[in-house]
Structure formats: C-alpha cells, structure tokens
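Peer 1: Provided below: entry29.cif, containing mmCIF, C-alpha atoms.
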```
data_data
loop_
_atom_site.label_atom_id
_atom_site.label_comp_id
_atom_site.auth_asym_id
_atom_site.auth_seq_id
_atom_site.Cartn_x
_atom_site.Cartn_y
_atom_site.Cartn_z
CA MET A 81 18.81 70.79 9.65
CA ARG A 82 17.56 73.40 12.14
CA GLY A 83 15.54 72.68 15.24
CA VAL A 84 14.84 73.81 18.79
CA LEU A 85 16.61 71.53 21.26
CA PHE A 86 16.29 71.33 25.05
CA ASP A 87 19.18 69.49 26.71
CA GLY A 88 17.85 69.62 30.27
CA LYS A 89 19.62 72.89 31.10
CA GLN A 90 19.08 75.25 28.20
CA VAL A 91 17.12 75.68 25.00
CA GLN A 92 18.98 76.46 21.82
CA VAL A 93 18.33 76.63 18.12
CA VAL A 94 20.73 74.19 16.49
CA ASP A 95 21.47 73.54 12.83
CA ASP A 96 23.00 70.08 12.95
CA LEU A 97 20.00 67.84 13.61
CA GLU A 98 19.33 64.82 11.45
CA VAL A 99 16.12 62.83 11.10
CA ARG A 100 15.71 59.32 9.75
CA GLY A 101 13.40 58.47 6.86
CA PRO A 102 9.88 57.16 7.36
CA GLY A 103 9.37 53.51 8.22
CA ALA A 104 6.28 51.46 7.58
CA GLY A 105 3.17 53.39 8.60
CA GLU A 106 5.08 56.67 8.97
CA VAL A 107 5.22 60.03 7.19
CA LEU A 108 8.14 62.43 6.73
CA VAL A 109 6.93 66.03 6.86
CA ALA A 110 8.79 69.24 5.98
CA VAL A 111 7.47 71.58 8.66
CA SER A 112 6.42 75.02 7.43
CA ALA A 113 5.05 76.53 10.63
CA ALA A 114 4.66 75.57 14.29
CA GLY A 115 2.79 77.26 17.12
CA LEU A 116 4.53 77.98 20.42
CA CYS A 117 2.36 76.44 23.13
CA HIS A 118 2.82 76.68 26.89
CA SER A 119 3.19 72.90 26.96
CA ASP A 120 6.55 73.33 25.23
CA LEU A 121 7.59 75.80 27.93
CA SER A 122 6.30 73.41 30.59
CA VAL A 123 8.90 70.88 29.47
CA VAL A 124 11.60 73.48 29.94
CA ASP A 125 10.47 74.54 33.43
CA GLY A 126 9.87 70.94 34.54
CA THR A 127 6.07 71.11 34.88
CA ILE A 128 5.91 68.35 32.26
CA PRO A 129 8.69 65.82 32.99
CA PHE A 130 10.32 64.65 29.76
CA PRO A 131 13.58 62.88 28.87
CA VAL A 132 16.32 64.92 27.25
CA PRO A 133 17.78 65.90 24.91
CA VAL A 134 14.52 66.56 23.11
CA VAL A 135 13.36 68.49 20.06
CA LEU A 136 10.45 70.64 21.20
CA GLY A 137 7.23 71.58 19.39
CA HIS A 138 3.96 69.76 18.96
CA GLU A 139 1.62 72.09 17.03
CA GLY A 140 2.58 72.25 13.38
CA ALA A 141 1.75 72.00 9.70
CA GLY A 142 3.82 71.25 6.66
CA VAL A 143 4.21 69.37 3.40
CA VAL A 144 4.56 65.61 3.05
CA GLU A 145 8.01 64.73 1.68
CA ALA A 146 7.87 60.95 1.82
CA VAL A 147 5.69 58.14 3.12
CA GLY A 148 6.52 54.69 4.39
CA ASP A 149 5.05 51.36 3.35
CA GLY A 150 1.32 51.03 3.87
CA VAL A 151 0.55 54.77 3.94
CA THR A 152 -2.12 55.64 1.38
CA HIS A 153 -4.16 58.53 2.80
CA VAL A 154 -1.46 61.13 2.10
CA VAL A 155 1.13 61.40 -0.66
CA PRO A 156 4.21 63.60 -1.18
CA GLY A 157 3.15 67.17 -1.82
CA ASP A 158 0.05 67.04 0.37
CA HIS A 159 -0.38 69.76 2.97
CA VAL A 160 -0.98 68.30 6.42
CA ALA A 161 -1.69 69.46 9.94
CA LEU A 162 0.00 67.37 12.61
CA SER A 163 -1.62 65.95 15.72
CA THR A 164 0.23 64.74 18.80
CA LEU A 165 -1.93 61.64 19.08
CA ALA A 166 0.11 58.64 17.98
CA ASN A 167 -2.65 56.16 18.76
CA CYS A 168 -2.43 52.59 17.55
CA GLY A 169 -5.78 52.45 15.74
CA ALA A 170 -6.36 48.84 16.73
CA CYS A 171 -7.05 48.66 20.48
CA ALA A 172 -10.46 48.63 22.13
CA GLU A 173 -10.35 52.37 22.90
CA CYS A 174 -9.45 53.27 19.33
CA ASP A 175 -12.19 50.95 18.10
CA ARG A 176 -14.69 52.78 20.33
CA GLY A 177 -13.70 56.11 18.75
CA ARG A 178 -11.71 57.24 21.80
CA PRO A 179 -8.16 57.52 20.45
CA THR A 180 -7.13 59.92 23.23
CA MET A 181 -7.52 56.98 25.62
CA CYS A 182 -5.24 54.67 23.61
CA ARG A 183 -2.59 53.45 26.02
CA LYS A 184 -0.05 53.02 23.26
CA ALA A 185 -0.37 56.73 22.47
CA ILE A 186 1.27 57.53 25.80
CA GLY A 187 4.19 55.15 25.53
CA ARG A 188 7.93 55.70 25.70
CA PRO A 189 8.97 58.63 23.48
CA GLY A 190 10.62 57.78 20.21
CA ARG A 191 14.02 59.04 19.07
CA PRO A 192 13.91 59.61 15.31
CA PHE A 193 16.46 62.44 15.49
CA THR A 194 20.21 62.37 15.95
CA ARG A 195 22.80 65.01 16.71
CA ASP A 196 26.50 64.28 16.53
CA GLY A 197 25.54 60.65 16.08
CA ARG A 198 23.57 60.52 19.33
CA PRO A 199 19.81 59.89 19.46
CA VAL A 200 17.48 62.76 20.40
CA PHE A 201 13.97 62.37 21.79
CA GLN A 202 10.79 63.51 20.05
CA PHE A 203 8.35 65.59 22.09
CA ALA A 204 4.69 64.52 22.05
CA SER A 205 5.38 62.14 19.14
CA ASN A 206 5.65 65.29 17.03
CA SER A 207 8.60 67.71 17.49
CA ALA A 208 7.29 70.38 15.15
CA PHE A 209 10.17 72.75 16.02
CA ALA A 210 12.33 71.06 13.41
CA GLU A 211 12.62 71.55 9.67
CA ARG A 212 11.57 67.94 9.19
CA THR A 213 9.93 65.39 11.44
CA VAL A 214 8.70 61.81 11.19
CA VAL A 215 5.24 60.99 12.56
CA LYS A 216 2.89 58.05 12.51
CA ALA A 217 0.54 58.13 9.54
CA VAL A 218 -2.45 58.63 11.81
CA GLN A 219 -0.94 61.95 12.98
CA ALA A 220 -0.77 63.52 9.52
CA VAL A 221 -4.13 64.90 8.43
CA ARG A 222 -4.51 66.25 4.92
CA ILE A 223 -5.81 69.83 4.74
CA PRO A 224 -6.78 72.06 1.80
CA LYS A 225 -3.82 73.87 0.25
CA ASP A 226 -5.57 77.24 0.46
CA ILE A 227 -5.27 77.34 4.27
CA PRO A 228 -2.19 79.36 5.30
CA MET A 229 0.36 77.15 7.01
CA THR A 230 0.75 79.60 9.90
CA SER A 231 -2.97 79.21 10.63
CA ALA A 232 -3.20 75.49 9.90
CA ALA A 233 -0.37 74.84 12.38
CA LEU A 234 -2.62 75.84 15.28
CA ILE A 235 -5.32 73.26 14.57
CA GLY A 236 -3.27 70.34 15.86
CA CYS A 237 -3.14 71.40 19.52
CA GLY A 238 -4.84 74.63 20.63
CA VAL A 239 -7.88 74.24 18.39
CA LEU A 240 -8.28 70.49 18.91
CA THR A 241 -7.96 70.95 22.67
CA GLY A 242 -10.18 74.00 23.13
CA VAL A 243 -12.91 73.50 20.55
CA GLY A 244 -12.87 69.75 21.16
CA ALA A 245 -13.36 70.21 24.91
CA VAL A 246 -16.57 72.09 24.14
CA LEU A 247 -17.99 69.93 21.36
CA ASN A 248 -16.67 66.48 22.27
CA ARG A 249 -16.22 66.39 26.05
CA ALA A 250 -18.65 68.89 27.56
CA LYS A 251 -21.09 68.66 24.62
CA VAL A 252 -22.24 72.25 25.13
CA ASP A 253 -25.74 72.70 23.72
CA ARG A 254 -27.69 75.62 22.28
CA GLY A 255 -28.72 78.06 24.98
CA ASP A 256 -26.20 76.83 27.56
CA THR A 257 -24.15 79.19 29.70
CA VAL A 258 -20.36 78.96 29.68
CA VAL A 259 -17.53 80.45 31.75
CA VAL A 260 -13.96 80.29 30.44
CA ILE A 261 -11.18 80.98 32.97
CA GLY A 262 -8.05 82.03 31.09
CA THR A 263 -8.04 83.39 27.55
CA GLY A 264 -4.72 82.18 26.21
CA GLY A 265 -4.51 80.02 23.11
CA VAL A 266 -6.64 77.19 24.53
CA GLY A 267 -9.12 79.53 26.24
CA LEU A 268 -9.77 81.46 23.04
CA ASN A 269 -10.58 78.19 21.29
CA VAL A 270 -12.95 77.23 24.10
CA LEU A 271 -14.68 80.57 23.55
CA GLN A 272 -15.13 79.99 19.85
CA GLY A 273 -16.16 76.40 20.45
CA ALA A 274 -18.91 77.68 22.75
CA ARG A 275 -19.95 80.21 20.10
CA ILE A 276 -20.10 77.51 17.41
CA ALA A 277 -22.13 75.27 19.77
CA GLY A 278 -24.71 78.04 20.23
CA ALA A 279 -24.12 78.91 23.88
CA LEU A 280 -26.30 81.81 25.02
CA ARG A 281 -23.97 83.56 27.46
CA ILE A 282 -20.20 83.10 27.29
CA VAL A 283 -18.24 84.73 30.11
CA ALA A 284 -14.49 85.12 29.64
CA VAL A 285 -12.38 85.61 32.78
CA ASP A 286 -8.78 86.82 32.56
CA ALA A 287 -6.71 88.95 34.91
CA ASN A 288 -5.32 90.89 31.93
CA PRO A 289 -7.91 93.49 30.83
CA ALA A 290 -6.07 93.94 27.53
CA LYS A 291 -7.42 90.56 26.45
CA GLU A 292 -11.04 91.70 26.38
CA GLU A 293 -11.09 92.72 22.72
CA VAL A 294 -9.76 89.42 21.42
CA ALA A 295 -11.94 87.41 23.83
CA ARG A 296 -15.06 89.13 22.51
CA ARG A 297 -13.91 88.60 18.92
CA PHE A 298 -13.73 84.86 19.56
CA GLY A 299 -17.17 84.65 21.15
CA ALA A 300 -17.27 86.09 24.68
CA THR A 301 -20.48 87.94 25.46
CA HIS A 302 -19.05 89.19 28.77
CA PHE A 303 -15.50 89.81 30.02
CA LEU A 304 -14.35 89.92 33.65
CA THR A 305 -10.94 90.29 35.26
CA SER A 306 -11.84 87.91 38.13
CA THR A 307 -14.38 85.23 38.88
CA GLU A 308 -15.98 87.40 41.58
CA GLY A 309 -18.36 89.00 39.09
CA VAL A 310 -19.56 85.82 37.43
CA ARG A 311 -22.59 85.47 39.73
CA ASP A 312 -23.69 88.97 38.75
CA VAL A 313 -23.88 87.81 35.13
CA LEU A 314 -25.09 84.26 35.87
CA PRO A 315 -26.86 84.32 39.26
CA PRO A 316 -27.68 80.59 39.32
CA GLY A 317 -24.19 79.67 38.14
CA ALA A 318 -22.98 78.28 34.83
CA ASP A 319 -23.80 75.12 32.92
CA HIS A 320 -20.13 74.71 32.00
CA VAL A 321 -16.95 76.20 33.45
CA PHE A 322 -13.63 75.58 31.69
CA GLU A 323 -10.41 76.06 33.67
CA CYS A 324 -7.67 76.82 31.14
CA VAL A 325 -4.86 78.11 33.37
CA GLY A 326 -3.79 75.14 35.49
CA ARG A 327 -3.94 76.64 38.99
CA VAL A 328 -5.59 74.64 41.77
CA GLU A 329 -7.31 77.67 43.29
CA LEU A 330 -8.96 78.31 39.91
CA VAL A 331 -10.08 74.68 39.76
CA ARG A 332 -11.88 75.25 43.05
CA GLN A 333 -13.44 78.45 41.71
CA ALA A 334 -14.59 76.65 38.57
CA ILE A 335 -16.41 74.08 40.69
CA ASP A 336 -17.95 76.74 42.94
CA LEU A 337 -19.38 78.58 39.92
CA LEU A 338 -21.46 75.66 38.68
CA ASP A 339 -25.24 75.65 38.47
CA ARG A 340 -27.21 72.48 39.10
CA HIS A 341 -26.14 69.75 36.70
CA GLY A 342 -23.14 71.89 35.78
CA GLN A 343 -19.77 70.63 34.56
CA ALA A 344 -16.29 71.88 35.44
CA VAL A 345 -13.89 70.93 32.66
CA LEU A 346 -10.17 70.95 33.50
CA LEU A 347 -7.86 71.92 30.64
CA GLY A 348 -5.02 73.77 32.36
CA VAL A 349 -1.94 71.76 33.35
CA PRO A 350 -0.77 72.28 36.96
CA PRO A 351 2.41 70.63 38.31
CA ALA A 352 2.17 66.84 38.26
CA GLY A 353 1.76 66.52 42.04
CA ALA A 354 -0.76 69.34 42.47
CA GLU A 355 -3.94 68.62 44.44
CA ALA A 356 -7.21 70.57 44.45
CA SER A 357 -9.99 70.61 47.03
CA PHE A 358 -13.73 71.24 46.87
CA LEU A 359 -16.82 70.87 49.00
CA VAL A 360 -18.12 67.37 48.45
CA SER A 361 -21.62 68.46 49.50
CA SER A 362 -21.66 70.94 46.62
CA MET A 363 -21.61 68.09 44.10
CA TYR A 364 -24.86 66.39 45.00
CA LEU A 365 -26.96 68.37 42.55
CA ASP A 366 -25.67 66.30 39.63
CA LYS A 367 -22.54 68.40 39.17
CA SER A 368 -19.47 66.93 37.48
CA ILE A 369 -15.73 67.48 37.32
CA LEU A 370 -14.39 66.39 33.96
CA GLY A 371 -10.82 65.84 32.92
CA CYS A 372 -10.17 66.31 29.24
CA ARG A 373 -7.22 65.03 27.26
CA TYR A 374 -6.56 66.72 23.94
CA GLY A 375 -10.16 67.82 23.50
CA SER A 376 -11.37 64.19 23.53
CA SER A 377 -10.60 64.52 19.84
CA ARG A 378 -10.53 62.19 16.87
CA PRO A 379 -7.91 64.08 14.85
CA GLN A 380 -8.51 62.55 11.43
CA ARG A 381 -12.17 63.58 11.74
CA ASP A 382 -11.86 66.77 13.76
CA ILE A 383 -8.95 68.46 11.96
CA ALA A 384 -10.75 68.03 8.64
CA LEU A 385 -13.96 69.41 10.19
CA TYR A 386 -12.23 72.44 11.70
CA ALA A 387 -10.47 73.15 8.40
CA GLU A 388 -13.85 73.31 6.68
CA LEU A 389 -15.35 75.47 9.43
CA TYR A 390 -12.42 77.85 8.88
CA ARG A 391 -13.05 77.98 5.15
CA GLU A 392 -16.69 78.81 5.87
CA GLY A 393 -15.67 81.67 8.16
CA ARG A 394 -17.10 80.02 11.29
CA LEU A 395 -13.81 79.05 12.94
CA LEU A 396 -11.16 81.73 13.49
CA LEU A 397 -7.57 80.71 12.81
CA ASP A 398 -5.83 83.71 11.27
CA GLU A 399 -6.93 85.80 14.26
CA LEU A 400 -5.11 83.44 16.63
CA VAL A 401 -1.78 84.22 15.01
CA THR A 402 -0.61 87.35 16.78
CA GLU A 403 2.98 87.21 15.57
CA THR A 404 5.20 85.05 13.39
CA TYR A 405 8.90 84.50 14.06
CA PRO A 406 11.68 82.82 12.12
CA VAL A 407 12.81 79.85 14.17
CA GLU A 408 16.04 81.67 14.99
CA ASP A 409 13.96 84.16 17.05
CA PHE A 410 12.72 81.45 19.40
CA GLU A 411 13.81 83.35 22.51
CA LYS A 412 11.84 86.43 21.46
CA ALA A 413 8.78 84.27 20.82
CA VAL A 414 9.09 82.80 24.32
CA GLY A 415 9.43 86.25 25.87
CA ASP A 416 6.31 87.51 24.11
CA ALA A 417 4.34 84.41 25.13
CA GLU A 418 5.38 84.62 28.78
CA ALA A 419 4.50 88.33 28.89
CA GLY A 420 1.03 87.65 27.49
CA ARG A 421 1.66 89.79 24.40
CA VAL A 422 0.44 87.14 21.97
CA ALA A 423 -2.52 84.79 21.69
CA ARG A 424 -0.26 82.46 19.73
CA GLY A 425 3.17 83.04 18.35
CA VAL A 426 4.08 80.92 15.34
CA LEU A 427 7.59 79.83 14.34
CA THR A 428 8.32 79.56 10.63
CA PHE A 429 10.95 77.61 8.69
#
```
Using the file provided, produce a representation of the structure as structure tokens.
Peer 2:
Amino acid sequence: MRGVLFDGKQVQVVDDLEVRGPGAGEVLVAVSAAGLCHSDLSVVDGTIPFPVPVVLGHEGAGVVEAVGDGVTHVVPGDHVALSTLANCGACAECDRGRPTMCRKAIGRPGRPFTRDGRPVFQFASNSAFAERTVVKAVQAVRIPKDIPMTSAALIGCGVLTGVGAVLNRAKVDRGDTVVVIGTGGVGLNVLQGARIAGALRIVAVDANPAKEEVARRFGATHFLTSTEGVRDVLPPGADHVFECVGRVELVRQAIDLLDRHGQAVLLGVPPAGAEASFLVSSMYLDKSILGCRYGSSRPQRDIALYAELYREGRLLLDELVTETYPVEDFEKAVGDAEAGRVARGVLTF
C-alpha cells in the first residue's frame, strides 16, 4: 500500500508498505484524507526528534475496516476522525478527565508497519499518511457520514489543538479580549474558538498581510502584521494571548501584551532546547504562562462536539481546506505549506 515515509534523510511516497491487522483494543482504518501539519515537517527538519524510518501523518479521517477484540464503540463501515492521543484510559490522569497528561500516551512509538520485511515506526500513534493504519480504539472517534472526509480529517489535530486551547485550557469567557499570534492552521482554530466562546475583541497578528481575509472569516475583529499595534487596539493589554508560531521572541511578546490577570498560552513548537525569557516582575499581577498539549482535549468528547458544531454552521472546517492533493503530490503540498499559500493542505487516498 502507499504511504509517506521518512528514512532520516529524505521523504518519499512509497507503494510497498504493509500494516498488520488490529489486535485487541485496536482499530484498522482505511484513511480517506489527511491534513499536512507543520508537526510532520518538524520531524523531517529535526525540530521534533523521532526514530526512523517512520510513516508520517497524524491528522486524518477514514472508514473502519476491522476492529480487534473488545472494541464495541465503532464497527466496520463507520466513518471516524483520528486523534493522536493513545491514552490508556485507566490511569489517574485519564480518570480525572485529563487524557493529554496520560504518561502511557507518550511512550515508545509502535511499529505496526513493515517494508521489505523490516518494521517501520508510526508517527504520533497515528501515521495518517498511509492508505491504512492501526490505532488504539480510543483514537478512533465516530463522526456523522455527511461530513466530508477532507474536512473531518482536520478535527483530529488543528481543530482539537486550537479550539481546545481556547475552550479547555484558557477557558476564554464572554467579553474577554484575545490576541492570536500566527494564523496558520492552529491559529485559525484559536480564532474560531475565541469567536465560539464569545470573546469581544479578537486580534489576529501575522506578518503575511494576505492572511487578513481568512483570519477575519474565522473570527478576527482586528488584523495586524506585527504585535506593535496591539496596544492601540487593547490599551490595557489582552486577557489571553496565544502564541501559535513557536519562536521564543514571540513568546516574550505574548507575555508582554498581557493585561492584569492575563494568560499567555503557548501552542507553537520551538526547537526542543529553546529557552525564552521574561520580566519576572511583570507577572505579579496574577498573570500566567500556560503550556497546552493537544488543546487539553478529551478527543472522544471533543471531536463529537466539534462535528456537531460544524453541522450547525458554528465551526468552520471546509474553509480550512485550501487545497487537496493526491498523496503522490506530497512534495507540492509541502511547498505550498512552507510558502504560506494554504491554511491547510489535505492529502487524499
């Protein structure tokens, strides 16, 4: 079968992958569509260290082909969106409703694939850039069949991360003020999360002025090409600032833009050893710096919720899909993403 493989030196679309069948508590999914996220590219450039060879992809949707023993919540033929969160469901953190903190969800990567008889790693417990993949049952969330697969694919990463950061982690309230630094796939979902939450002023900041139209469509009330103008819009500062780029100088700016009791939420992924600095004295007015893993989400709950919000017209998914590409055009999809020509490019099988 076809898939996108990174061997540590180059990325190539191969057609000789094999995947094993589902074991107990697992689901075999025929992938229909998968979003190209910068996290996939971060594996290639080394920002995210990962063992190789590895099948990339972690944001996908497809059709259940088979289920292992003990799986009852989905059956063959169901449409599912895939999450990357392979949490155990039984530890104290899972029991508290914090599956993103499950330590077993960040364990050694599995190797359900083979090529030429040799095992191949699975990225983010998902590997959606393959015609078929095996995931834990908890990662497969049933969705209505009337949601296009190209749109549903984006729920499992960009939407969960961005909207979840607003609703679950920051808990943005009606009338709050929000600044979003970076309007890529995650940033756009932060914008619409803030809109859904009822934020009063939502300031999008992106160095690319061509992104203003789409930022406003997703919920921005103001658009700036640098953070220098934020204080003109929000003189006291913002209640919430989301850094969605992953640059340490922008982390500092996010903190400096906070109002009293404000929160800086870090979503961008800088290099693993990156350090940021800030004025400690600036924090004594009840300000906070919040990390956020995967939107602090509970995928079985949140994916179903976001699917319904989409069906009601309150959550934008189709508008995120700027371009679709057959998997063979992976290099073109990467070029468009790196040039900022797409909000999200989606690979199809």
Peer 1: Would you be able to write out as a PDB file with C-alpha atoms, in the coordinates of the input which residues have an atom within 12 Å of (-1.2, 59.4, 27.5) in the file's coordinates, counting only C-alpha atoms?
Peer 2:
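part_23.pdb written:
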```pdb
ATOM      1  CA  THR A 164       0.230  64.740  18.800  1.00  0.00           C
ATOM      2  CA  LEU A 165      -1.930  61.640  19.080  1.00  0.00           C
ATOM      3  CA  ALA A 166       0.110  58.640  17.980  1.00  0.00           C
ATOM      4  CA  ASN A 167      -2.650  56.160  18.760  1.00  0.00           C
ATOM      5  CA  PRO A 179      -8.160  57.520  20.450  1.00  0.00           C
ATOM      6  CA  THR A 180      -7.130  59.920  23.230  1.00  0.00           C
ATOM      7  CA  MET A 181      -7.520  56.980  25.620  1.00  0.00           C
ATOM      8  CA  CYS A 182      -5.240  54.670  23.610  1.00  0.00           C
ATOM      9  CA  ARG A 183      -2.590  53.450  26.020  1.00  0.00           C
ATOM     10  CA  LYS A 184      -0.050  53.020  23.260  1.00  0.00           C
ATOM     11  CA  ALA A 185      -0.370  56.730  22.470  1.00  0.00           C
ATOM     12  CA  ILE A 186       1.270  57.530  25.800  1.00  0.00           C
ATOM     13  CA  GLY A 187       4.190  55.150  25.530  1.00  0.00           C
ATOM     14  CA  ARG A 188       7.930  55.700  25.700  1.00  0.00           C
ATOM     15  CA  PRO A 189       8.970  58.630  23.480  1.00  0.00           C
ATOM     16  CA  ALA A 204       4.690  64.520  22.050  1.00  0.00           C
ATOM     17  CA  SER A 205       5.380  62.140  19.140  1.00  0.00           C
ATOM     18  CA  CYS A 372     -10.170  66.310  29.240  1.00  0.00           C
ATOM     19  CA  ARG A 373      -7.220  65.030  27.260  1.00  0.00           C
ATOM     20  CA  TYR A 374      -6.560  66.720  23.940  1.00  0.00           C
ATOM     21  CA  SER A 376     -11.370  64.190  23.530  1.00  0.00           C
TER      22      SER A 376
END
```
Peer 1: Would you kindly return, as a PDB file with C-alpha atoms, in the coordinates of the input, each protein, DNA or RNA residue with an atom no farther than 10 Å from any atom of A:Ala113, considering all atoms listed in the file and excluding same-chain residues fewer than 5 positions away?
Peer 2:
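Contents of out_36.pdb, freshly written:
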```pdb
ATOM      1  CA  GLU A 139       1.620  72.090  17.030  1.00  0.00           C
ATOM      2  CA  GLY A 140       2.580  72.250  13.380  1.00  0.00           C
ATOM      3  CA  ALA A 141       1.750  72.000   9.700  1.00  0.00           C
ATOM      4  CA  GLY A 142       3.820  71.250   6.660  1.00  0.00           C
ATOM      5  CA  ALA A 161      -1.690  69.460   9.940  1.00  0.00           C
ATOM      6  CA  ALA A 208       7.290  70.380  15.150  1.00  0.00           C
ATOM      7  CA  PHE A 209      10.170  72.750  16.020  1.00  0.00           C
ATOM      8  CA  ALA A 210      12.330  71.060  13.410  1.00  0.00           C
ATOM      9  CA  GLU A 211      12.620  71.550   9.670  1.00  0.00           C
ATOM     10  CA  PRO A 228      -2.190  79.360   5.300  1.00  0.00           C
ATOM     11  CA  MET A 229       0.360  77.150   7.010  1.00  0.00           C
ATOM     12  CA  THR A 230       0.750  79.600   9.900  1.00  0.00           C
ATOM     13  CA  SER A 231      -2.970  79.210  10.630  1.00  0.00           C
ATOM     14  CA  ALA A 232      -3.200  75.490   9.900  1.00  0.00           C
ATOM     15  CA  ALA A 233      -0.370  74.840  12.380  1.00  0.00           C
ATOM     16  CA  LEU A 234      -2.620  75.840  15.280  1.00  0.00           C
ATOM     17  CA  THR A 404       5.200  85.050  13.390  1.00  0.00           C
ATOM     18  CA  TYR A 405       8.900  84.500  14.060  1.00  0.00           C
ATOM     19  CA  PRO A 406      11.680  82.820  12.120  1.00  0.00           C
ATOM     20  CA  VAL A 407      12.810  79.850  14.170  1.00  0.00           C
ATOM     21  CA  VAL A 426       4.080  80.920  15.340  1.00  0.00           C
ATOM     22  CA  LEU A 427       7.590  79.830  14.340  1.00  0.00           C
ATOM     23  CA  THR A 428       8.320  79.560  10.630  1.00  0.00           C
ATOM     24  CA  PHE A 429      10.950  77.610   8.690  1.00  0.00           C
TER      25      PHE A 429
END
```
Peer 1: Please write as a ChimeraX atom specification the full residue list that the PyMOL selection byres ((chain A and resi 223) around 6) yields on this file.
Peer 2: /A:159-160,222,224
Peer 1: So that I can check the surroundings of A:Gly105, please list as an MDAnalysis selection string every protein, DNA and RNA residue that reaches within 9 Å of it, counting all atoms listed in the file and ignoring chain neighbours fewer than 2 positions away.
Peer 2: chainID A and resid 102:103 107 147:151 215:218
Peer 1: Using atom CA of A:Leu116 and atom CA of A:Ala277 as the two end points, give the distance in Å to one decimal.
Peer 2: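 Here the two named atoms are 26.8 Å from each other.
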Peer 1: Please return, as number ranges by chain, all polymer residues that have at least one atom within 10 Å of the point (-31.6, 78.5, 41.6); use all atoms listed in the file and the file's own coordinate frame.
Peer 2: A: 315-317, 339-340
Peer 1: Please provide as a list in words all residues within 6 Å of stretch 155-158 of chain A, with the sequence filter that same-chain residues fewer than 2 positions apart are discarded (counting all atoms listed in the file).
Peer 2: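 Near neighbours after the sequence-gap exclusion: Val143, Val144, Glu145 and Ala146 of chain A.
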Peer 1: Of the residues A:Ser362, A:Gln380, A:Gln333, A:Ser163, which is the one nearest to A:Asn206, using only C-alpha atoms?
Peer 2: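 Of A:Ser362, A:Gln380, A:Gln333, A:Ser163, the one nearest A:Asn206, counting only C-alpha atoms, is A:Ser163.
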Peer 1: Report, in Å to a single decimal, how far apart atom CA of A:Gly375 and atom CA of A:Leu162 are.
Peer 2: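 These two atoms are separated by 14.9 Å.
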Peer 1: Atom CA of A:Pro131 to atom CA of A:Gly190: how many Å, to one decimal?
Peer 2: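 Going from atom CA of A:Pro131 over to atom CA of A:Gly190, I get 10.5 Å.
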Peer 1: Show me, as a PyMOL selection string, the residues that have an atom within 10 Å of A:Phe322 when counting only C-alpha atoms, minus same-chain residues fewer than 5 positions from it.
Peer 2: chain A and resi 242+245-246+250+258-262+267+270-271+284+330-331+334-335+343-348+370
Peer 1: Take stretch 172-185 of chain A, bring it up to N, CA and C atoms, and give me the output as a PDB file, keeping the file's coordinate frame.
Peer 2:
```pdb
ATOM      1  N   ALA A 172      -9.044  48.470  21.835  1.00  0.00           N
ATOM      2  CA  ALA A 172     -10.460  48.630  22.130  1.00  0.00           C
ATOM      3  C   ALA A 172     -10.865  50.102  22.203  1.00  0.00           C
ATOM      4  N   GLU A 173     -10.004  50.959  22.792  1.00  0.00           N
ATOM      5  CA  GLU A 173     -10.350  52.370  22.900  1.00  0.00           C
ATOM      6  C   GLU A 173     -10.383  53.036  21.532  1.00  0.00           C
ATOM      7  N   CYS A 174      -9.422  52.735  20.686  1.00  0.00           N
ATOM      8  CA  CYS A 174      -9.450  53.270  19.330  1.00  0.00           C
ATOM      9  C   CYS A 174     -10.682  52.793  18.583  1.00  0.00           C
ATOM     10  N   ASP A 175     -11.026  51.524  18.777  1.00  0.00           N
ATOM     11  CA  ASP A 175     -12.190  50.950  18.100  1.00  0.00           C
ATOM     12  C   ASP A 175     -13.483  51.617  18.555  1.00  0.00           C
ATOM     13  N   ARG A 176     -13.504  52.091  19.811  1.00  0.00           N
ATOM     14  CA  ARG A 176     -14.690  52.780  20.330  1.00  0.00           C
ATOM     15  C   ARG A 176     -14.735  54.247  19.894  1.00  0.00           C
ATOM     16  N   GLY A 177     -13.743  54.705  19.145  1.00  0.00           N
ATOM     17  CA  GLY A 177     -13.700  56.110  18.750  1.00  0.00           C
ATOM     18  C   GLY A 177     -13.168  57.007  19.830  1.00  0.00           C
ATOM     19  N   ARG A 178     -12.308  56.443  20.724  1.00  0.00           N
ATOM     20  CA  ARG A 178     -11.710  57.240  21.800  1.00  0.00           C
ATOM     21  C   ARG A 178     -10.195  57.153  21.708  1.00  0.00           C
ATOM     22  N   PRO A 179      -9.599  57.667  20.629  1.00  0.00           N
ATOM     23  CA  PRO A 179      -8.160  57.520  20.450  1.00  0.00           C
ATOM     24  C   PRO A 179      -7.335  58.230  21.521  1.00  0.00           C
ATOM     25  N   THR A 180      -7.894  59.248  22.176  1.00  0.00           N
ATOM     26  CA  THR A 180      -7.130  59.920  23.230  1.00  0.00           C
ATOM     27  C   THR A 180      -6.924  59.007  24.439  1.00  0.00           C
ATOM     28  N   MET A 181      -7.664  57.924  24.523  1.00  0.00           N
ATOM     29  CA  MET A 181      -7.520  56.980  25.620  1.00  0.00           C
ATOM     30  C   MET A 181      -6.642  55.787  25.253  1.00  0.00           C
ATOM     31  N   CYS A 182      -6.118  55.762  24.040  1.00  0.00           N
ATOM     32  CA  CYS A 182      -5.240  54.670  23.610  1.00  0.00           C
ATOM     33  C   CYS A 182      -3.993  54.645  24.473  1.00  0.00           C
ATOM     34  N   ARG A 183      -3.752  53.537  25.136  1.00  0.00           N
ATOM     35  CA  ARG A 183      -2.590  53.450  26.020  1.00  0.00           C
ATOM     36  C   ARG A 183      -1.267  53.466  25.258  1.00  0.00           C
ATOM     37  N   LYS A 184      -1.272  53.011  24.040  1.00  0.00           N
ATOM     38  CA  LYS A 184      -0.050  53.020  23.260  1.00  0.00           C
ATOM     39  C   LYS A 184       0.308  54.412  22.765  1.00  0.00           C
ATOM     40  N   ALA A 185      -0.644  55.350  22.865  1.00  0.00           N
ATOM     41  CA  ALA A 185      -0.370  56.730  22.470  1.00  0.00           C
ATOM     42  C   ALA A 185       0.408  57.475  23.538  1.00  0.00           C
TER      43      ALA A 185
END
```
